[in-house]
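For reference, the structure is listed below as structure tokens.
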Number of protein chains: 2
Amino acid sequence: MLDEQISNAWKAGTKCEKCAIRNMVLFADLTREDFDLMHRPIHDFELRAGETLYNVEADPTHIFTLRSGLIKLISYLPDGSHRIVRIIKQGDVVGLEAMGGKPYLHHAVVLEVATLCKIPVSLIDTLNENSPHLSKQLMLRWQQVISDADIWLSQLSVGLANQRVASLLLYLAEGDNKDKCYLPSREDMGATLAISPETASRVVASFKREGWVKSTSPYRVSLNPGALAGLLENKKDLIL
Amino acid sequence: MLDEQISNAWKAGTKCEKCAIRNMVLFADLTREDFDLMHRPIHDFELRAGETLYNVEADPTHIFTLRSGLIKLISYLPDGSHRIVRIIKQGDVVGLEAMGGKPYLHHAVVLEVATLCKIPVSLIDTLNENSPHLSKQLMLRWQQVISDADIWLSQLSVGLANQRVASLLLYLAEGDNKDKCYLPSREDMGATLAISPETASRVVASFKREGWVKSTSPYRVSLNPGALAGLLENKKDLIL
DNA sequence: CGGATCGTTGACAGGTATCAATGCTGGTGG
DNA sequence: CCACCAGCATTGATACCTGTCAACGATCCG
């Protein structure tokens, strides 16, 4: 039975290599023996839209990699309001805060059906002491997170409402087929862009009227990246 | 001469321990021999307001710790506009992106006279392979950065202009004497809070009229934390 | 004393939040 | 099978807030 668990873990390991499609190579250099040494294996699983991956009160014992789907990270303010501070896309790592024993910083909720790998922090710690390579990989993950946070700050929270919505759609399209992407609920868009749901609705409606955004299936749209990007250009056209 | 350099590095090392006042303990567990082994020592120096610590084009060969003063991190957008995405306070680490060879993500400019430690990335790398403890410390630094970024997103970019200004002042006061803090130029406040400099000016002026903010010296104010915090409470007073 | 830079203040237009009403859709139960 | 309901998107009307443009004042410095 234990052997079965190990085997399952190793299966997850091979999937990790597939994740490498999006430079997800945390474990690319591990051998079969390394896995056999572990008591608590990596576990892969699936969550449906609306389900919670973790919240701030959960035990910070695992980090996760998102193999497919979409996850939102919600930050709650003392006054009860909330904001979506990040959207996790395929290949990203979630819950890195757990390293170091600190509680999770957010409430992580699935937007689109998600398949994930669940990795015990203790495992990372063990490997960390032996493999400086993994340590480097983790460092790169942290950088990615910061880099994403900066995009949020410098692009998604600035400018007119239609510019913010355009930026968000383009951001979501990056991880997807480049011109098809997930379309968040209007309330989620509001919480993401610091605008009201009604304004978000108005903007999306206007984009649809222009033909820049077309619904394909529920919560899925195809879009015209060029037109949307055009909205962002003329923020400051200085005469240099 | 080399010996003198080493001695200087060690002096900087002792200062690191002083930094530990704000849980800055990157090198707290290093011995004298460890330092003697290093070819490129830690160097400490000072920068005046307005001077640049680094920009995106600089060689990402060092990370820095801020022993005193204040530094803003600016992110430039493709369209030429810019935003202040973080403000580095005493005890914080700057330029962590340099780990991993990636270019610096921002333009780092001094707001208030800053004293810093300049640490070669190569040094960190070397130590990293031997000391898992340092690796842990770095992890904690990353967390801190993320945590700060989240504050920016969830508090400083949301709500009415006066709420944002209040949040910013309270944030700056944290690192200071709790009721005295640095008062940024109106333009910097605008770039930080995603509002126009004029609006920032109006809000600050109104705070001064209310007596919540009082200039002490140029770019320095004392403030009434309670009153400012009061502005943030009634965002959503639900009947729970 | 002029000039530059920054902060302040005013007037006004435009964008957005808010409140409210109306469609729309999917699920439930009769 | 249909009616009903709940939740979400849409749309409208209005007040408020903020951006913008512009003028003026303060301060510092050459």
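Please note that chains go A, B, ... in the order of the structure tokens, that every chain numbers its residues from 1, and that ligands are numbered from 1 in the order shown.
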Give the residues of chain C that lie within 12 Å of chain A; count only C-alpha atoms (C1' of nucleotides), and format the answer as an mmCIF file with N, CA and C atoms (P, O5', C5', C4', C3', O3' and C1' of nucleotides), in the first residue's frame.
```cif
data_model
loop_
_atom_site.group_PDB
_atom_site.id
_atom_site.type_symbol
_atom_site.label_atom_id
_atom_site.label_comp_id
_atom_site.auth_asym_id
_atom_site.auth_seq_id
_atom_site.Cartn_x
_atom_site.Cartn_y
_atom_site.Cartn_z
ATOM 1 P P DG C 14 -16.682 66.882 -21.538
ATOM 2 O "O5'" DG C 14 -16.147 65.517 -20.925
ATOM 3 C "C5'" DG C 14 -14.789 65.387 -20.525
ATOM 4 C "C4'" DG C 14 -14.693 64.274 -19.509
ATOM 5 C "C3'" DG C 14 -15.535 63.059 -19.858
ATOM 6 O "O3'" DG C 14 -14.687 61.933 -19.907
ATOM 7 C "C1'" DG C 14 -15.931 63.750 -17.611
ATOM 8 P P DG C 15 -15.258 60.507 -20.257
ATOM 9 O "O5'" DG C 15 -15.088 59.820 -18.832
ATOM 10 C "C5'" DG C 15 -13.846 59.952 -18.163
ATOM 11 C "C4'" DG C 15 -13.915 59.263 -16.815
ATOM 12 C "C3'" DG C 15 -14.508 57.857 -16.871
ATOM 13 O "O3'" DG C 15 -13.703 57.006 -16.076
ATOM 14 C "C1'" DG C 15 -15.800 59.232 -15.411
ATOM 15 P P DT C 16 -14.044 55.472 -15.986
ATOM 16 O "O5'" DT C 16 -14.812 55.371 -14.599
ATOM 17 C "C5'" DT C 16 -14.195 55.955 -13.457
ATOM 18 C "C4'" DT C 16 -15.135 55.902 -12.278
ATOM 19 C "C3'" DT C 16 -15.821 54.546 -12.060
ATOM 20 O "O3'" DT C 16 -15.558 54.121 -10.752
ATOM 21 C "C1'" DT C 16 -17.403 56.312 -12.002
ATOM 22 P P DA C 17 -16.171 52.786 -10.162
ATOM 23 O "O5'" DA C 17 -17.204 53.342 -9.077
ATOM 24 C "C5'" DA C 17 -16.712 54.172 -8.037
ATOM 25 C "C4'" DA C 17 -17.829 54.572 -7.092
ATOM 26 C "C3'" DA C 17 -18.614 53.412 -6.484
ATOM 27 O "O3'" DA C 17 -18.914 53.699 -5.126
ATOM 28 C "C1'" DA C 17 -20.067 54.761 -7.819
ATOM 29 P P DT C 18 -19.628 52.619 -4.205
ATOM 30 O "O5'" DT C 18 -21.171 53.031 -4.262
ATOM 31 C "C5'" DT C 18 -21.536 54.395 -4.116
ATOM 32 C "C4'" DT C 18 -22.993 54.593 -4.451
ATOM 33 C "C3'" DT C 18 -23.912 53.446 -4.017
ATOM 34 O "O3'" DT C 18 -24.844 53.945 -3.082
ATOM 35 C "C1'" DT C 18 -24.394 54.170 -6.240
ATOM 36 P P DC C 19 -25.757 52.934 -2.219
ATOM 37 O "O5'" DC C 19 -27.151 53.014 -2.999
ATOM 38 C "C5'" DC C 19 -27.730 54.286 -3.251
ATOM 39 C "C4'" DC C 19 -28.879 54.150 -4.215
ATOM 40 C "C3'" DC C 19 -29.827 52.986 -3.909
ATOM 41 O "O3'" DC C 19 -31.155 53.479 -3.861
ATOM 42 C "C1'" DC C 19 -29.155 52.946 -6.180
ATOM 43 P P DT C 25 -30.701 33.862 -21.904
ATOM 44 O "O5'" DT C 25 -30.219 32.913 -20.721
ATOM 45 C "C5'" DT C 25 -29.040 33.233 -19.993
ATOM 46 C "C4'" DT C 25 -28.916 32.287 -18.825
ATOM 47 C "C3'" DT C 25 -29.397 30.863 -19.119
ATOM 48 O "O3'" DT C 25 -28.435 29.925 -18.688
ATOM 49 C "C1'" DT C 25 -30.434 31.689 -17.172
ATOM 50 P P DG C 26 -28.552 28.427 -19.174
ATOM 51 O "O5'" DG C 26 -28.239 27.665 -17.810
ATOM 52 C "C5'" DG C 26 -27.473 28.313 -16.789
ATOM 53 C "C4'" DG C 26 -27.885 27.743 -15.444
ATOM 54 C "C3'" DG C 26 -28.248 26.260 -15.492
ATOM 55 O "O3'" DG C 26 -27.748 25.615 -14.338
ATOM 56 C "C1'" DG C 26 -30.104 27.496 -14.721
#
```
What are the nearest atom pairs, with distances in Å to one decimal, for all residues of chain A that come at most 8 Å from chain B, using only C-alpha atoms, set out by chain and rising residue number as CSV?
```
residue,atom,partner,partner_atom,distance
A:Ser75,CA,B:Ser154,CA,6.8
A:Tyr76,CA,B:Ser154,CA,8.0
A:Leu77,CA,B:Ser154,CA,7.3
A:Asp79,CA,B:Glu233,CA,5.9
A:Gly80,CA,B:Lys236,CA,6.8
A:Ser81,CA,B:Lys236,CA,6.8
A:His82,CA,B:Ser154,CA,7.6
A:Arg83,CA,B:Ser154,CA,5.9
A:Val85,CA,B:Leu153,CA,6.4
A:Glu97,CA,B:Gln143,CA,6.3
A:Met99,CA,B:Met139,CA,7.4
A:Gly100,CA,B:Leu140,CA,6.7
A:Leu105,CA,B:Ser147,CA,7.7
A:Asn128,CA,B:Pro132,CA,7.5
A:Glu129,CA,B:Pro132,CA,5.9
A:Pro132,CA,B:Glu129,CA,5.9
A:Ser135,CA,B:Ser135,CA,7.6
A:Lys136,CA,B:Gly100,CA,7.1
A:Met139,CA,B:Gly100,CA,7.3
A:Leu140,CA,B:Gly100,CA,6.8
A:Trp142,CA,B:Trp142,CA,6.5
A:Gln143,CA,B:Glu97,CA,6.3
A:Val145,CA,B:Ile146,CA,7.5
A:Ile146,CA,B:Ile146,CA,6.3
A:Ser147,CA,B:Leu105,CA,7.7
A:Ala149,CA,B:Ala149,CA,6.5
A:Asp150,CA,B:Val85,CA,6.7
A:Trp152,CA,B:Leu153,CA,7.7
A:Leu153,CA,B:Leu153,CA,6.4
A:Ser154,CA,B:Arg83,CA,6.0
A:Gln155,CA,B:Leu77,CA,7.8
A:Ser157,CA,B:Ser157,CA,6.7
A:Val158,CA,B:Ala194,CA,6.0
A:Gly159,CA,B:Ala194,CA,8.0
A:Ala194,CA,B:Val158,CA,5.9
A:Leu232,CA,B:Asp79,CA,7.8
A:Glu233,CA,B:Asp79,CA,6.1
A:Asn234,CA,B:Asp79,CA,7.5
A:Lys235,CA,B:Asp79,CA,6.7
A:Lys236,CA,B:Asp79,CA,6.3
A:Asp237,CA,B:Asp79,CA,7.5
```
C-alpha atoms of the current selection, written as a PDB file, in the first residue's frame:
```pdb
ATOM      1  CA  SER A  75      -7.046  39.285   0.213  1.00  0.00           C
ATOM      2  CA  TYR A  76      -9.494  40.358   2.903  1.00  0.00           C
ATOM      3  CA  LEU A  77      -9.248  43.776   4.507  1.00  0.00           C
ATOM      4  CA  ASP A  79     -13.136  46.318   7.154  1.00  0.00           C
ATOM      5  CA  GLY A  80     -14.613  43.229   5.546  1.00  0.00           C
ATOM      6  CA  SER A  81     -14.089  44.175   1.926  1.00  0.00           C
ATOM      7  CA  HIS A  82     -11.883  42.076  -0.283  1.00  0.00           C
ATOM      8  CA  ARG A  83      -9.713  42.282  -3.350  1.00  0.00           C
ATOM      9  CA  VAL A  85      -4.627  40.292  -5.693  1.00  0.00           C
ATOM     10  CA  GLU A  97       4.189  31.427   1.883  1.00  0.00           C
ATOM     11  CA  MET A  99       7.716  27.776   3.273  1.00  0.00           C
ATOM     12  CA  GLY A 100       8.907  29.212   6.540  1.00  0.00           C
ATOM     13  CA  LEU A 105      -1.665  35.034   2.936  1.00  0.00           C
ATOM     14  CA  ASN A 128      16.510  21.981  -0.106  1.00  0.00           C
ATOM     15  CA  GLU A 129      19.328  20.911   2.175  1.00  0.00           C
ATOM     16  CA  PRO A 132      21.037  23.815  -4.238  1.00  0.00           C
ATOM     17  CA  SER A 135      16.673  26.269  -4.002  1.00  0.00           C
ATOM     18  CA  LYS A 136      17.433  28.193  -7.166  1.00  0.00           C
ATOM     19  CA  MET A 139      13.974  31.586  -5.965  1.00  0.00           C
ATOM     20  CA  LEU A 140      12.825  31.912  -9.547  1.00  0.00           C
ATOM     21  CA  TRP A 142       9.376  33.918  -5.933  1.00  0.00           C
ATOM     22  CA  GLN A 143      10.601  36.271  -8.594  1.00  0.00           C
ATOM     23  CA  VAL A 145       5.281  36.053  -8.071  1.00  0.00           C
ATOM     24  CA  ILE A 146       6.782  39.484  -7.509  1.00  0.00           C
ATOM     25  CA  SER A 147       6.835  40.143 -11.189  1.00  0.00           C
ATOM     26  CA  ALA A 149       2.335  41.451  -8.455  1.00  0.00           C
ATOM     27  CA  ASP A 150       4.058  44.337 -10.197  1.00  0.00           C
ATOM     28  CA  TRP A 152      -1.089  43.988 -11.141  1.00  0.00           C
ATOM     29  CA  LEU A 153       0.098  47.221  -9.574  1.00  0.00           C
ATOM     30  CA  SER A 154       1.419  48.996 -12.611  1.00  0.00           C
ATOM     31  CA  GLN A 155      -1.132  47.935 -15.173  1.00  0.00           C
ATOM     32  CA  SER A 157      -4.853  49.210 -11.067  1.00  0.00           C
ATOM     33  CA  VAL A 158      -4.133  52.265 -13.176  1.00  0.00           C
ATOM     34  CA  GLY A 159      -6.055  54.246 -15.751  1.00  0.00           C
ATOM     35  CA  ALA A 194     -10.744  48.090  -8.124  1.00  0.00           C
ATOM     36  CA  LEU A 232      -3.608  51.182 -23.770  1.00  0.00           C
ATOM     37  CA  GLU A 233      -1.344  53.051 -26.145  1.00  0.00           C
ATOM     38  CA  ASN A 234      -2.645  56.569 -25.972  1.00  0.00           C
ATOM     39  CA  LYS A 235      -2.259  57.046 -22.243  1.00  0.00           C
ATOM     40  CA  LYS A 236       0.556  59.494 -22.718  1.00  0.00           C
ATOM     41  CA  ASP A 237       1.547  60.268 -26.273  1.00  0.00           C
TER      42      ASP A 237
END
```
Got a sec to pull out which chain D residues are within 10 Å of chain A, counting only C-alpha atoms (C1' of nucleotides), and send them as JSON, numbers by chain?
-> {"D": [8, 9, 10, 11]}
Residue list (strand (DSSP E), DSSP) for region 5-231 of chain B, as a PyMOL selection string | chain B and resi 43-47+52-54+62-76+82-88+93-94+107-120+180-182+213-217+220-223
Output the selection as a PDB file, in the first residue's frame - C-alpha atoms for each residue.
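Result went into part_33.pdb, see below:
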```
ATOM      1  CA  HIS B  43      30.418  47.149   1.298  1.00  0.00           C
ATOM      2  CA  ASP B  44      28.398  49.748   3.117  1.00  0.00           C
ATOM      3  CA  PHE B  45      27.715  53.236   1.788  1.00  0.00           C
ATOM      4  CA  GLU B  46      25.331  56.156   1.749  1.00  0.00           C
ATOM      5  CA  LEU B  47      23.128  57.818  -0.862  1.00  0.00           C
ATOM      6  CA  THR B  52      19.655  56.332  -7.997  1.00  0.00           C
ATOM      7  CA  LEU B  53      20.575  53.025  -6.366  1.00  0.00           C
ATOM      8  CA  TYR B  54      20.060  51.059  -9.586  1.00  0.00           C
ATOM      9  CA  HIS B  62      24.345  42.949  -5.954  1.00  0.00           C
ATOM     10  CA  ILE B  63      21.497  42.936  -3.522  1.00  0.00           C
ATOM     11  CA  PHE B  64      21.144  45.627  -0.880  1.00  0.00           C
ATOM     12  CA  THR B  65      19.872  46.000   2.625  1.00  0.00           C
ATOM     13  CA  LEU B  66      18.586  49.357   3.752  1.00  0.00           C
ATOM     14  CA  ARG B  67      19.941  50.271   7.173  1.00  0.00           C
ATOM     15  CA  SER B  68      18.239  53.643   7.302  1.00  0.00           C
ATOM     16  CA  GLY B  69      16.362  55.992   5.027  1.00  0.00           C
ATOM     17  CA  LEU B  70      13.699  55.434   2.402  1.00  0.00           C
ATOM     18  CA  ILE B  71      13.802  54.226  -1.187  1.00  0.00           C
ATOM     19  CA  LYS B  72      11.121  54.152  -3.865  1.00  0.00           C
ATOM     20  CA  LEU B  73      10.879  51.477  -6.523  1.00  0.00           C
ATOM     21  CA  ILE B  74       9.547  52.759  -9.830  1.00  0.00           C
ATOM     22  CA  SER B  75       8.070  50.635 -12.567  1.00  0.00           C
ATOM     23  CA  TYR B  76       7.939  52.117 -16.059  1.00  0.00           C
ATOM     24  CA  HIS B  82       5.407  55.217 -14.391  1.00  0.00           C
ATOM     25  CA  ARG B  83       4.214  54.027 -11.030  1.00  0.00           C
ATOM     26  CA  ILE B  84       5.820  53.630  -7.624  1.00  0.00           C
ATOM     27  CA  VAL B  85       5.228  49.983  -6.806  1.00  0.00           C
ATOM     28  CA  ARG B  86       6.907  49.811  -3.423  1.00  0.00           C
ATOM     29  CA  ILE B  87       8.617  51.906  -0.822  1.00  0.00           C
ATOM     30  CA  ILE B  88      11.571  50.278   0.899  1.00  0.00           C
ATOM     31  CA  VAL B  93      16.180  43.976   1.378  1.00  0.00           C
ATOM     32  CA  VAL B  94      16.251  45.501  -2.112  1.00  0.00           C
ATOM     33  CA  HIS B 107      14.293  51.979 -10.932  1.00  0.00           C
ATOM     34  CA  ALA B 108      15.358  52.465  -7.316  1.00  0.00           C
ATOM     35  CA  VAL B 109      15.600  56.090  -6.168  1.00  0.00           C
ATOM     36  CA  VAL B 110      16.382  57.396  -2.718  1.00  0.00           C
ATOM     37  CA  LEU B 111      13.676  59.450  -0.996  1.00  0.00           C
ATOM     38  CA  GLU B 112      15.401  60.096   2.324  1.00  0.00           C
ATOM     39  CA  VAL B 113      19.129  59.873   2.950  1.00  0.00           C
ATOM     40  CA  ALA B 114      19.880  56.173   2.863  1.00  0.00           C
ATOM     41  CA  THR B 115      22.605  54.023   4.356  1.00  0.00           C
ATOM     42  CA  LEU B 116      22.912  50.649   2.711  1.00  0.00           C
ATOM     43  CA  CYS B 117      24.839  47.409   2.609  1.00  0.00           C
ATOM     44  CA  LYS B 118      25.893  46.197  -0.811  1.00  0.00           C
ATOM     45  CA  ILE B 119      26.130  42.419  -1.007  1.00  0.00           C
ATOM     46  CA  PRO B 120      27.486  40.573  -4.056  1.00  0.00           C
ATOM     47  CA  LYS B 180       5.925  60.830  12.675  1.00  0.00           C
ATOM     48  CA  CYS B 181       6.757  60.001   9.121  1.00  0.00           C
ATOM     49  CA  TYR B 182       8.097  61.049   5.760  1.00  0.00           C
ATOM     50  CA  VAL B 213      -1.193  66.125   9.793  1.00  0.00           C
ATOM     51  CA  LYS B 214       1.333  68.760  10.870  1.00  0.00           C
ATOM     52  CA  SER B 215       4.556  69.669   9.115  1.00  0.00           C
ATOM     53  CA  THR B 216       7.564  69.490  11.384  1.00  0.00           C
ATOM     54  CA  SER B 217      10.431  69.885   8.924  1.00  0.00           C
ATOM     55  CA  ARG B 220       8.468  65.381   7.555  1.00  0.00           C
ATOM     56  CA  VAL B 221       5.172  65.391   9.401  1.00  0.00           C
ATOM     57  CA  SER B 222       3.635  64.309  12.653  1.00  0.00           C
ATOM     58  CA  LEU B 223       0.219  62.760  12.384  1.00  0.00           C
TER      59      LEU B 223
END
```
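For DG25 (chain D), the non-local neighbours within 10 Å, defined as residues at least 3 positions apart in the same chain or in other chains and counting only C-alpha atoms (C1' of nucleotides), are DG7, DT8 and DT9 of chain C.
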Between CA of Ala173 (chain A) and CA of Pro218 (chain A), what is the spacing in Å?
-> 16.0 Å
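Between CA of Asn162 (chain B) and CA of Val203 (chain B) the separation is 5.7 Å.
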If we count only C-alpha atoms (C1' of nucleotides), what is near DC29 (chain D) at a cut-off of 12 Å, once residues fewer than 5 positions away on the same chain are taken out, given as a list in words?
-> DC1, DG2, DG3, DA4 and DT5 of chain C
DSSP alpha helix (DSSP H) residues within region 96-142 of chain B, listed as JSON, numbers by chain | {"B": [121, 122, 123, 124, 125, 126, 127, 128, 129, 130, 132, 133, 134, 135, 136, 137, 138, 139, 140, 141, 142]}
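Interatomic distance, CA of Pro103 (chain B) against CA of Val56 (chain B): 6.1 Å.
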